[in-house]
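J.: Next comes the structure file protein-v7.txt, holding compact mmCIF, C-alpha atoms.
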# COMPACT_ATOMS: atom_id res chain seq x y z
CA MET L 201 0.00 0.00 0.00
CA PRO L 202 1.26 3.48 -0.83
CA PRO L 203 1.59 6.03 1.98
CA THR L 204 -1.41 8.23 2.77
CA ILE L 205 -1.16 11.97 3.32
CA THR L 206 -3.82 14.39 4.52
CA ALA L 207 -4.76 17.65 2.80
CA PHE L 208 -7.47 20.31 3.13
CA GLU L 209 -10.88 19.26 1.84
CA SER L 210 -11.17 22.86 0.64
CA SER L 211 -7.88 24.73 0.76
CA PRO L 212 -8.03 28.34 2.03
CA ASP L 213 -5.52 29.29 -0.68
CA ARG L 214 -8.04 28.27 -3.38
CA GLY L 215 -5.69 25.74 -4.96
CA ARG L 216 -2.65 27.98 -5.39
CA GLY L 217 -0.43 25.30 -3.88
CA GLN L 218 0.49 27.21 -0.75
CA ALA L 219 -0.92 24.70 1.73
CA ARG L 220 1.79 22.54 3.26
CA ASP L 221 0.61 19.28 1.64
CA MET L 222 2.12 20.74 -1.56
CA ARG L 223 5.63 20.16 -0.16
CA VAL L 224 4.93 16.52 0.54
CA ARG L 225 3.18 15.95 -2.80
CA TRP L 226 6.14 17.55 -4.61
CA ALA L 227 8.68 15.42 -2.73
CA LEU L 228 6.73 12.23 -3.49
CA GLU L 229 6.53 13.21 -7.18
CA GLU L 230 10.29 13.95 -7.32
CA VAL L 231 11.12 10.45 -6.08
CA GLY L 232 8.34 8.76 -8.08
CA GLN L 233 6.46 7.40 -5.07
CA PRO L 234 2.66 6.99 -5.55
CA TYR L 235 0.51 8.14 -2.63
CA ASP L 236 -3.05 8.29 -1.43
CA VAL L 237 -4.70 11.44 -0.13
CA ARG L 238 -7.31 11.68 2.62
CA LEU L 239 -9.09 15.02 2.63
CA VAL L 240 -10.05 16.54 5.97
CA SER L 241 -12.40 19.41 6.79
CA PHE L 242 -11.47 22.21 9.20
CA GLU L 243 -13.77 20.60 11.75
CA GLU L 244 -12.22 17.15 11.37
CA MET L 245 -8.71 18.61 11.78
CA LYS L 246 -9.52 19.62 15.34
CA GLN L 247 -11.12 16.28 16.32
CA PRO L 248 -9.34 13.68 18.49
CA ALA L 249 -8.94 11.22 15.59
CA HIS L 250 -6.90 13.72 13.57
CA ARG L 251 -5.09 15.10 16.61
CA ALA L 252 -3.85 11.57 17.33
CA LEU L 253 -1.96 11.93 14.04
CA HIS L 254 -1.18 15.64 14.36
CA PRO L 255 -1.05 17.09 17.89
CA PHE L 256 -1.51 20.63 16.53
CA GLY L 257 -4.55 19.80 14.41
CA GLN L 258 -3.07 20.70 11.04
CA ILE L 259 -2.24 19.14 7.69
CA PRO L 260 -0.27 17.40 6.26
CA THR L 261 0.17 14.09 8.00
CA TYR L 262 1.88 11.02 6.55
CA GLU L 263 0.96 7.40 7.28
CA ASP L 264 2.96 4.47 5.99
CA GLY L 265 2.29 1.12 7.64
CA ASP L 266 3.04 1.51 11.36
CA LEU L 267 4.49 4.97 10.98
CA ALA L 268 2.54 8.20 11.43
CA LEU L 269 4.32 11.53 10.99
CA PHE L 270 3.40 15.20 11.09
CA GLU L 271 5.29 18.43 10.15
CA SER L 272 5.96 18.91 6.46
CA GLY L 273 9.72 19.30 7.02
CA ALA L 274 9.94 15.98 8.84
CA ILE L 275 7.83 14.21 6.23
CA VAL L 276 9.90 15.55 3.32
CA LEU L 277 13.11 14.56 5.11
CA HIS L 278 11.72 11.08 5.79
CA ILE L 279 10.87 10.66 2.09
CA ALA L 280 14.26 12.08 1.03
CA GLU L 281 16.11 9.63 3.28
CA ARG L 282 14.29 6.60 1.87
CA HIS L 283 14.35 7.37 -1.85
CA SER L 284 17.02 8.77 -4.14
CA GLY L 285 16.66 12.15 -5.80
CA LEU L 286 16.24 14.65 -2.98
CA LEU L 287 19.53 14.43 -1.04
CA PRO L 288 23.12 14.24 -2.33
CA LEU L 289 25.02 11.00 -1.74
CA ASP L 290 28.10 12.80 -0.38
CA ALA L 291 27.70 12.98 3.42
CA ASN L 292 28.74 16.63 3.80
CA ALA L 293 26.58 17.80 0.89
CA ARG L 294 23.69 15.84 2.40
CA SER L 295 24.06 17.65 5.75
CA ARG L 296 24.22 21.00 3.96
CA ALA L 297 21.03 20.23 2.00
CA ILE L 298 19.29 19.44 5.29
CA ALA L 299 20.61 22.74 6.71
CA TRP L 300 18.80 24.54 3.87
CA MET L 301 15.59 22.72 4.80
CA PHE L 302 15.89 24.08 8.33
CA ALA L 303 16.83 27.55 7.01
CA ALA L 304 13.70 27.59 4.86
CA LEU L 305 11.47 26.62 7.78
CA ASN L 306 13.12 28.45 10.68
CA THR L 307 14.83 31.52 9.16
CA LEU L 308 12.78 32.40 6.06
CA GLU L 309 9.28 31.12 6.77
CA PRO L 310 8.56 32.82 10.14
CA PRO L 311 8.86 36.45 8.91
CA ILE L 312 7.12 35.48 5.65
CA VAL L 313 4.19 33.93 7.53
CA GLU L 314 3.99 36.97 9.83
CA LEU L 315 3.76 39.25 6.82
CA GLY L 316 1.13 37.04 5.18
CA MET L 317 -0.93 36.83 8.37
CA ALA L 318 -0.82 40.59 8.88
CA MET L 319 -1.97 41.16 5.27
CA LEU L 320 -4.79 38.70 5.90
CA VAL L 321 -6.05 39.49 9.41
CA GLU L 322 -4.64 42.90 10.45
CA ARG L 323 -5.80 44.99 7.48
CA ASP L 324 -8.49 46.68 9.57
CA ARG L 325 -6.35 47.22 12.64
CA SER L 326 -5.29 50.73 13.56
CA TRP L 327 -1.62 49.75 13.42
CA TYR L 328 -1.62 48.07 9.99
CA ALA L 329 -0.19 50.97 7.95
CA GLU L 330 2.59 51.55 10.46
CA ARG L 331 3.49 47.91 11.01
CA LEU L 332 3.34 46.60 7.43
CA PRO L 333 6.64 48.26 6.32
CA LEU L 334 8.42 46.77 9.36
CA LEU L 335 7.25 43.29 8.40
CA GLN L 336 8.18 43.82 4.76
CA ASP L 337 11.66 44.99 5.73
CA ARG L 338 12.25 41.90 7.86
CA VAL L 339 11.47 39.74 4.83
CA ARG L 340 13.58 41.95 2.54
CA VAL L 341 16.64 41.43 4.76
CA ARG L 342 16.32 37.65 4.41
CA LEU L 343 15.63 37.79 0.68
CA GLY L 344 18.70 39.98 0.18
CA GLU L 345 20.88 37.54 2.11
CA LEU L 346 19.44 34.56 0.25
CA SER L 347 19.93 36.31 -3.08
CA ARG L 348 23.59 37.06 -2.32
CA ARG L 349 24.23 33.43 -1.38
CA LEU L 350 22.42 32.10 -4.43
CA GLY L 351 24.30 34.44 -6.78
CA GLY L 352 24.00 33.12 -10.31
CA ALA L 353 23.53 29.49 -9.29
CA ASP L 354 20.48 27.45 -10.24
CA TRP L 355 20.10 25.88 -6.80
CA LEU L 356 21.27 26.63 -3.26
CA ASP L 357 24.10 24.09 -3.08
CA GLY L 358 24.92 22.17 -6.25
CA THR L 359 22.11 20.02 -7.60
CA PHE L 360 18.42 20.38 -6.72
CA SER L 361 17.70 18.99 -3.25
CA ALA L 362 15.06 18.81 -0.53
CA GLY L 363 16.55 22.12 0.67
CA ASP L 364 15.52 23.80 -2.58
CA LEU L 365 12.12 22.10 -2.48
CA MET L 366 11.39 23.53 0.98
CA MET L 367 12.83 26.95 0.14
CA VAL L 368 10.81 27.33 -3.07
CA THR L 369 7.56 26.40 -1.31
CA VAL L 370 8.32 28.90 1.46
CA LEU L 371 9.16 31.68 -1.03
CA ARG L 372 5.99 30.99 -3.01
CA ARG L 373 4.05 32.29 -0.01
CA LEU L 374 5.27 35.74 -1.12
CA ASN L 375 3.50 35.47 -4.49
CA THR L 376 0.93 38.12 -3.64
CA SER L 377 3.24 40.34 -1.55
CA GLY L 378 4.99 42.11 -4.43
CA LEU L 379 8.35 41.48 -2.76
CA LEU L 380 9.64 38.78 -5.11
CA ALA L 381 9.77 41.33 -7.95
CA GLU L 382 12.39 43.27 -5.97
CA PHE L 383 14.75 40.28 -6.11
CA PRO L 384 14.95 39.00 -9.70
CA GLU L 385 17.39 36.17 -8.85
CA ILE L 386 14.96 34.88 -6.22
CA ALA L 387 11.99 35.19 -8.56
CA ALA L 388 13.94 33.23 -11.20
CA TYR L 389 14.88 30.61 -8.59
CA VAL L 390 11.22 30.13 -7.62
CA ALA L 391 10.27 29.90 -11.30
CA ARG L 392 12.94 27.20 -11.81
CA GLY L 393 11.38 25.18 -9.02
CA GLU L 394 7.88 25.65 -10.39
CA ALA L 395 9.04 24.51 -13.83
CA ARG L 396 10.10 21.07 -12.61
CA PRO L 397 7.74 18.34 -13.93
CA ALA L 398 7.33 16.93 -10.40
CA PHE L 399 6.22 20.34 -9.15
CA ARG L 400 3.68 20.61 -11.95
CA ARG L 401 2.23 17.16 -11.22
CA ALA L 402 1.95 17.96 -7.50
CA PHE L 403 0.44 21.38 -8.21
CA ASP L 404 -2.13 19.98 -10.61
CA ALA L 405 -3.11 17.26 -8.12
CA GLN L 406 -3.80 19.72 -5.31
CA LEU L 407 -5.58 22.12 -7.66
CA ALA L 408 -7.86 19.31 -8.85
CA VAL L 409 -8.96 18.79 -5.22
CA PHE L 410 -9.92 22.44 -4.86
CA THR L 411 -11.66 22.54 -8.23
CA ALA L 412 -13.72 19.45 -7.41
CA ALA L 413 -14.65 20.88 -3.99
CA SER L 414 -15.82 24.19 -5.49
CA ARG L 415 -18.03 22.36 -8.00
CA SER L 416 -19.86 20.25 -5.45
CA MET O 215 40.45 18.06 16.22
CA PRO O 216 37.07 18.58 17.86
CA PRO O 217 34.38 20.50 15.96
CA THR O 218 34.23 24.28 16.39
CA ILE O 219 31.00 26.17 16.99
CA THR O 220 30.41 29.91 17.03
CA ALA O 221 28.63 31.82 19.80
CA PHE O 222 28.00 35.46 20.75
CA GLU O 223 31.02 37.24 22.19
CA SER O 224 28.52 38.95 24.48
CA SER O 225 25.09 37.33 24.41
CA PRO O 226 22.09 39.70 24.36
CA ASP O 227 20.32 37.35 26.78
CA ARG O 228 23.02 38.00 29.42
CA GLY O 229 23.95 34.34 29.73
CA ARG O 230 20.47 32.93 30.32
CA GLY O 231 21.09 30.24 27.72
CA GLN O 232 18.52 31.45 25.23
CA ALA O 233 20.95 32.05 22.35
CA ARG O 234 20.86 29.24 19.82
CA ASP O 235 24.41 28.02 20.51
CA MET O 236 22.89 26.57 23.72
CA ARG O 237 21.10 23.89 21.68
CA VAL O 238 24.30 22.79 20.00
CA ARG O 239 26.31 22.86 23.23
CA TRP O 240 23.62 20.76 24.95
CA ALA O 241 23.55 18.21 22.11
CA LEU O 242 27.35 17.90 22.16
CA GLU O 243 27.27 17.43 25.95
CA GLU O 244 24.54 14.76 25.70
CA VAL O 245 26.67 12.68 23.32
CA GLY O 246 29.94 13.39 25.13
CA GLN O 247 31.63 15.15 22.20
CA PRO O 248 34.21 17.83 23.12
CA TYR O 249 34.07 21.03 21.11
CA ASP O 250 35.82 24.34 20.60
CA VAL O 251 34.03 27.67 20.62
CA ARG O 252 34.91 30.72 18.54
CA LEU O 253 33.25 33.87 19.84
CA VAL O 254 32.03 36.46 17.35
CA SER O 255 30.98 40.07 17.85
CA PHE O 256 27.80 41.49 16.29
CA GLU O 257 30.02 43.30 13.80
CA GLU O 258 31.94 40.16 12.83
CA MET O 259 28.68 38.24 12.33
CA LYS O 260 27.77 40.51 9.43
CA GLN O 261 31.20 40.37 7.72
CA PRO O 262 31.90 38.27 4.61
CA ALA O 263 34.11 35.79 6.52
CA HIS O 264 31.26 34.82 8.84
CA ARG O 265 28.62 35.02 6.12
CA ALA O 266 30.60 32.44 4.16
CA LEU O 267 29.76 30.10 7.05
CA HIS O 268 26.28 31.48 7.78
CA PRO O 269 24.47 33.23 4.88
CA PHE O 270 22.13 34.98 7.33
CA GLY O 271 24.90 36.34 9.56
CA GLN O 272 23.87 34.58 12.75
CA ILE O 273 25.18 32.08 15.26
CA PRO O 274 25.68 29.17 15.75
CA THR O 275 27.78 27.65 13.03
CA TYR O 276 29.48 24.25 13.16
CA GLU O 277 32.79 23.35 11.51
CA ASP O 278 34.18 19.84 11.49
CA GLY O 279 37.00 19.17 9.01
CA ASP O 280 35.66 19.91 5.53
CA LEU O 281 32.09 20.41 6.72
CA ALA O 282 30.57 23.78 7.61
CA LEU O 283 26.95 23.93 8.77
CA PHE O 284 24.51 26.58 9.95
CA GLU O 285 20.99 26.43 11.51
CA SER O 286 20.83 25.03 15.02
CA GLY O 287 18.27 22.39 14.00
CA ALA O 288 20.49 21.07 11.23
CA ILE O 289 23.55 21.04 13.48
CA VAL O 290 21.76 19.18 16.28
CA LEU O 291 20.39 16.64 13.78
CA HIS O 292 23.87 16.17 12.29
CA ILE O 293 25.30 15.50 15.76
CA ALA O 294 22.39 13.19 16.65
CA GLU O 295 22.91 11.14 13.48
CA ARG O 296 26.61 10.60 14.15
CA HIS O 297 26.57 9.81 17.88
CA SER O 298 24.28 7.70 20.01
CA GLY O 299 22.09 9.21 22.68
CA LEU O 300 19.84 11.68 20.88
CA LEU O 301 17.80 9.55 18.45
CA PRO O 302 16.08 6.18 19.02
CA LEU O 303 17.50 3.18 17.14
CA ASP O 304 14.05 2.07 15.93
CA ALA O 305 13.52 3.65 12.49
CA ASN O 306 9.93 4.81 13.09
CA ALA O 307 10.72 6.23 16.54
CA ARG O 308 13.70 8.01 14.99
CA SER O 309 11.50 9.67 12.34
CA ARG O 310 9.02 10.72 15.04
CA ALA O 311 11.80 12.27 17.15
CA ILE O 312 12.90 14.28 14.11
CA ALA O 313 9.27 15.35 13.59
CA TRP O 314 9.33 16.85 17.10
CA MET O 315 12.49 18.78 16.18
CA PHE O 316 10.65 20.32 13.24
CA ALA O 317 7.55 20.94 15.39
CA ALA O 318 9.68 22.81 17.93
CA LEU O 319 11.26 25.00 15.26
CA ASN O 320 8.38 25.51 12.85
CA THR O 321 5.18 25.25 14.93
CA LEU O 322 6.17 26.38 18.45
CA GLU O 323 9.09 28.75 17.95
CA PRO O 324 7.60 31.23 15.43
CA PRO O 325 4.73 32.49 17.66
CA ILE O 326 7.04 32.37 20.70
CA VAL O 327 9.68 34.50 18.94
CA GLU O 328 6.98 36.94 17.74
CA LEU O 329 5.78 37.37 21.32
CA GLY O 330 9.33 37.83 22.61
CA MET O 331 10.17 40.35 19.89
CA ALA O 332 7.02 42.36 20.55
CA MET O 333 7.81 42.46 24.29
CA LEU O 334 11.31 43.65 23.40
CA VAL O 335 10.83 46.13 20.55
CA GLU O 336 7.13 47.10 20.42
CA ARG O 337 6.60 48.17 24.01
CA ASP O 338 6.47 51.84 23.04
CA ARG O 339 4.29 51.37 19.98
CA SER O 340 0.72 52.62 20.04
CA TRP O 341 -0.60 49.13 19.28
CA TYR O 342 1.31 47.20 21.96
CA ALA O 343 -1.51 46.90 24.52
CA GLU O 344 -3.99 45.75 21.90
CA ARG O 345 -1.68 43.34 20.11
CA LEU O 346 0.03 41.67 23.09
CA PRO O 347 -3.01 39.55 24.10
CA LEU O 348 -3.36 38.30 20.51
CA LEU O 349 0.27 37.15 20.52
CA GLN O 350 -0.10 35.55 23.94
CA ASP O 351 -3.20 33.67 22.83
CA ARG O 352 -1.42 32.27 19.78
CA VAL O 353 1.25 30.85 22.07
CA ARG O 354 -1.37 29.58 24.56
CA VAL O 355 -3.08 27.55 21.83
CA ARG O 356 0.19 25.76 21.03
CA LEU O 357 1.08 25.23 24.69
CA GLY O 358 -2.36 23.74 25.34
CA GLU O 359 -1.97 21.34 22.42
CA LEU O 360 1.53 20.38 23.47
CA SER O 361 0.39 19.87 27.05
CA ARG O 362 -2.44 17.57 25.96
CA ARG O 363 -0.07 15.48 23.86
CA LEU O 364 2.54 15.29 26.61
CA GLY O 365 -0.03 14.25 29.23
CA GLY O 366 1.76 12.73 32.19
CA ALA O 367 4.78 11.55 30.18
CA ASP O 368 8.33 12.66 30.93
CA TRP O 369 9.26 13.22 27.28
CA LEU O 370 7.40 13.76 24.00
CA ASP O 371 7.78 10.24 22.59
CA GLY O 372 9.35 7.62 24.84
CA THR O 373 12.90 8.35 25.92
CA PHE O 374 14.60 11.74 25.80
CA SER O 375 15.56 12.68 22.24
CA ALA O 376 16.80 15.53 20.06
CA GLY O 377 13.10 16.42 19.71
CA ASP O 378 12.87 17.10 23.45
CA LEU O 379 16.17 18.99 23.37
CA MET O 380 14.90 21.36 20.70
CA MET O 381 11.46 21.71 22.30
CA VAL O 382 12.84 22.54 25.76
CA THR O 383 15.18 25.21 24.35
CA VAL O 384 12.29 26.73 22.40
CA LEU O 385 9.98 26.72 25.45
CA ARG O 386 12.69 28.30 27.63
CA ARG O 387 12.29 31.45 25.52
CA LEU O 388 8.99 31.90 27.42
CA ASN O 389 10.79 32.14 30.78
CA THR O 390 10.02 35.82 31.22
CA SER O 391 6.57 35.76 29.57
CA GLY O 392 4.60 34.39 32.53
CA LEU O 393 2.90 31.88 30.22
CA LEU O 394 4.70 28.74 31.38
CA ALA O 395 3.06 29.08 34.81
CA GLU O 396 -0.34 28.57 33.14
CA PHE O 397 0.72 25.13 31.95
CA PRO O 398 2.21 23.21 34.88
CA GLU O 399 2.91 20.05 32.81
CA ILE O 400 4.92 22.14 30.35
CA ALA O 401 6.78 23.95 33.11
CA ALA O 402 7.66 20.57 34.67
CA TYR O 403 8.77 19.27 31.27
CA VAL O 404 11.11 22.24 30.81
CA ALA O 405 12.44 21.76 34.34
CA ARG O 406 13.15 18.08 33.55
CA GLY O 407 15.21 19.13 30.58
CA GLU O 408 17.08 21.75 32.57
CA ALA O 409 17.88 19.19 35.27
CA ARG O 410 19.83 16.96 32.89
CA PRO O 411 23.57 17.03 33.66
CA ALA O 412 24.38 17.70 29.99
CA PHE O 413 22.08 20.74 30.04
CA ARG O 414 23.78 22.05 33.17
CA ARG O 415 27.26 21.67 31.67
CA ALA O 416 26.18 23.44 28.47
CA PHE O 417 24.42 26.18 30.43
CA ASP O 418 27.43 26.79 32.67
CA ALA O 419 29.76 26.94 29.67
CA GLN O 420 27.74 29.61 27.89
CA LEU O 421 27.21 31.56 31.13
CA ALA O 422 30.97 31.57 31.73
CA VAL O 423 31.43 33.30 28.35
CA PHE O 424 29.00 36.04 29.30
CA THR O 425 30.48 36.46 32.78
CA ALA O 426 34.01 36.77 31.39
CA ALA O 427 32.84 39.29 28.77
CA SER O 428 31.11 41.47 31.37
CA ARG O 429 34.24 41.55 33.52
CA SER O 430 36.56 42.70 30.77
The structure in this file should be written as C-alpha cells.
T.:
Amino acid sequence: MPPTITAFESSPDRGRGQARDMRVRWALEEVGQPYDVRLVSFEEMKQPAHRALHPFGQIPTYEDGDLALFESGAIVLHIAERHSGLLPLDANARSRAIAWMFAALNTLEPPIVELGMAMLVERDRSWYAERLPLLQDRVRVRLGELSRRLGGADWLDGTFSAGDLMMVTVLRRLNTSGLLAEFPEIAAYVARGEARPAFRRAFDAQLAVFTAASRS
Amino acid sequence: MPPTITAFESSPDRGRGQARDMRVRWALEEVGQPYDVRLVSFEEMKQPAHRALHPFGQIPTYEDGDLALFESGAIVLHIAERHSGLLPLDANARSRAIAWMFAALNTLEPPIVELGMAMLVERDRSWYAERLPLLQDRVRVRLGELSRRLGGADWLDGTFSAGDLMMVTVLRRLNTSGLLAEFPEIAAYVARGEARPAFRRAFDAQLAVFTAASRS
C-alpha cells in the first residue's frame, strides 16, 4: 500500500499550492512514489482522531504502515532519506542540503508567515499601515541575504535537493506580496522550481482537489 | 580536532542560555563530544568571513574538518545522526523524534519569537496593549496542544531525544513571559530538561562566556 497523506478538503488558498501538503506531494513526485490522499475538513482537523496523528490539528500528516508523521519538514526529510533524488550521496553535501531545509522553515518562513498573516487578518487594525513596512523589511533582509548566497547558481548548493524544495515552497508564499519582484534572482529561482515536472504534477493534483470541492 | 562552533562574544540574553548556541552545546554534551568555541561580535557576524559560514549572519555555526553547517536544528540533527544518545534506534521512533524537532522549530518557535520580539521592541508602539493579548493567545493555543499530547509523560515520545532537546530550548524562551506558569505540565517538562547534567554543563559553559565578557 502506498503512503497516505492528509490535505485540506477545501484549501483556504483556493488551490494555489500554498498549503503545506504541496511540499509533501512535490517530494513524493520527485522520487516517483505513488501516494493516497485523505481530505479533511477544518472541523475534522480539530477532532481527536486527527489530533492523534497531528497534535496541533493541522495538515499534512503522513501514514505508511506503522508509521505516522506530522510536520511537512519531517515528512519531506523522511521521504528524502528513503528514496534517491532529494539528497546528495556525499555525506557533507547531504548535511548541507538538510541545513537549507531548516533555514527555509526556521529563518525564512517565520517572517514570511507573519507578513502574510498581517496582510490577511490585520488589514483593519489601527496599526496596519505603520506595522506593514516593518514586516516587509524583515522579509527583505532575508531575501537579500538569500539572493547574495544564491548568486548566479540554479540551486542553493549544487544540484536540486530537498533544501531547494522547501525553500521554493516557502518563497511561493510571497507570491501576492509584491516582494519577489524586488529580487529578480529569487523570482527566477522560484520559477525554476515551479518549472520542474514533479512540481507541476503535484500542483495539478492539489488544484484538482480544490476545483472538485468548489463544484460540489 | 574537535568541531568548532560559534557563539555570541557577548550574548544579548546576558547568559540565560537562550541564544541558539545553547542547543548545539547541549547536544554535544549529551553525546559526550568535546568542542571548541569561537566567539564572534555582532560586527563580525555581518562580515563576509562569517557570512561564508552562515548566509544569514547569525550564530551558531558548526565546523568539522571539511564540513561547515549553519541552523541550530540542522547542526543538532547532524550531531544526533553521528553519535548515540539523541535519536532512538528504531527507524519509526527516529523519524518521530525528528518530527518533534521540526515541530519545535516551525510550529512552536515562530509564535514564541513573535511574542518575545514584541515584548522587546514594540513596548512603546501605540498598538502594543492591543496586540500583546493576541500574541499571547497564539502561544497559549500551542502550549495547550503540546500539554495535551505530553499528558503525564516525561518526554514527548518515549525516551529523551533531540526532539525534546529542541522543544525545551524553544519553550525556555517563554521564561520571562509568565505563560509557562499557566501550563504546569509544560513547566515541569522544561524543568526536567534543565535538570539533565548535559544541560547544566552546556548552560554553565555559555554563562561563563558572558560572565568573562562582562568583567573585561
J.: Which residues are near stretch 252-261 of chain O? Cut-off 12 Å, only C-alpha atoms, ignore same chain within fewer than 2 positions. Put them as a PyMOL selection string.
T.: (chain L and resi 345) or (chain O and resi 217-226+235+249-250+263-277+420+423-424+426-427)
J.: With only C-alpha atoms as the basis for distance, which of L:Leu380, L:Leu287, L:Ala274, L:Leu407 is at the shortest distance from chain O?
T.: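 With only C-alpha atoms as the atom set, the closest residue is L:Ala274.
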J.: Return as a list of chain:residue names the residues belonging to chain L that are within 7 Å of chain O, counting only C-alpha atoms.
T.: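 Going by the stated atoms only, the list reads L:Pro255, L:Phe256, L:Leu267, L:Leu269, L:Phe270, L:Glu271, L:Gly273, L:Ala274, L:His278, L:Asn292, L:Ser295, L:Arg296, L:Ile298, L:Ala299, L:Phe302, L:Ala303, L:Leu305, L:Asn306, L:Pro310, L:Trp327, L:Glu345, L:Leu346, L:Arg349.
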J.: Please, could you write that set of residues out with C-alpha atoms as a compact mmCIF listing (two decimals), in the frame of the given file?
T.:
# COMPACT_ATOMS: atom_id res chain seq x y z
CA PRO L 255 -1.05 17.09 17.89
CA PHE L 256 -1.51 20.63 16.53
CA LEU L 267 4.49 4.97 10.98
CA LEU L 269 4.32 11.53 10.99
CA PHE L 270 3.40 15.20 11.09
CA GLU L 271 5.29 18.43 10.15
CA GLY L 273 9.72 19.30 7.02
CA ALA L 274 9.94 15.98 8.84
CA HIS L 278 11.72 11.08 5.79
CA ASN L 292 28.74 16.63 3.80
CA SER L 295 24.06 17.65 5.75
CA ARG L 296 24.22 21.00 3.96
CA ILE L 298 19.29 19.44 5.29
CA ALA L 299 20.61 22.74 6.71
CA PHE L 302 15.89 24.08 8.33
CA ALA L 303 16.83 27.55 7.01
CA LEU L 305 11.47 26.62 7.78
CA ASN L 306 13.12 28.45 10.68
CA PRO L 310 8.56 32.82 10.14
CA TRP L 327 -1.62 49.75 13.42
CA GLU L 345 20.88 37.54 2.11
CA LEU L 346 19.44 34.56 0.25
CA ARG L 349 24.23 33.43 -1.38
J.: Would you kindly return, as an MDAnalysis selection string, each protein, DNA or RNA residue with an atom no farther than 8 Å from any atom of O:Leu300, considering all atoms listed in the file and excluding same-chain residues fewer than 5 positions away?
T.: chainID O and resid 241 244:245 294 374:376
J.: Identify which of the residues L:Arg415, L:Arg392, L:Arg282, L:Arg220 lies closest to L:Leu356, counting all atoms listed in the file when measuring atom-to-atom distances.
T.: L:Arg392
J.: Go through O:Glu295, O:Glu396, O:Glu243, O:Asp351 one by one, measure the shortest atom-to-atom distance of each to O:Arg415 using only C-alpha atoms, and give the residue with the smallest value.
T.: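 Under the stated criterion, the closest residue is O:Glu243.
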J.: Between O:Glu399, O:Asp418, O:Asp227, O:Asp338, which is the closest to O:Trp369 once you count only C-alpha atoms?
T.: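 So, comparing all the options, the nearest one is O:Glu399.
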J.: Please compute the atom CA of O:Arg387-atom CA of O:Val353 distance, one decimal, in Å.
T.: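 Between atom CA of O:Arg387 and atom CA of O:Val353 the gap is 11.6 Å.
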J.: If I wrap all listed atoms of stretch 302-321 of chain L in a box with edges along x, y and z and add 4 Å on each side, what are its centre and edge lengths in Å to one decimal, as JSON?
T.:
{"center_x": 5.4, "center_y": 32.6, "center_z": 7.8, "size_x": 30.9, "size_y": 25.1, "size_z": 13.8}
J.: Measure the distance from atom CA of O:Ala419 to atom CA of O:Gly330 in Å and round it to one decimal.
T.: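 Rounded to one decimal, the two atoms are 24.2 Å apart.
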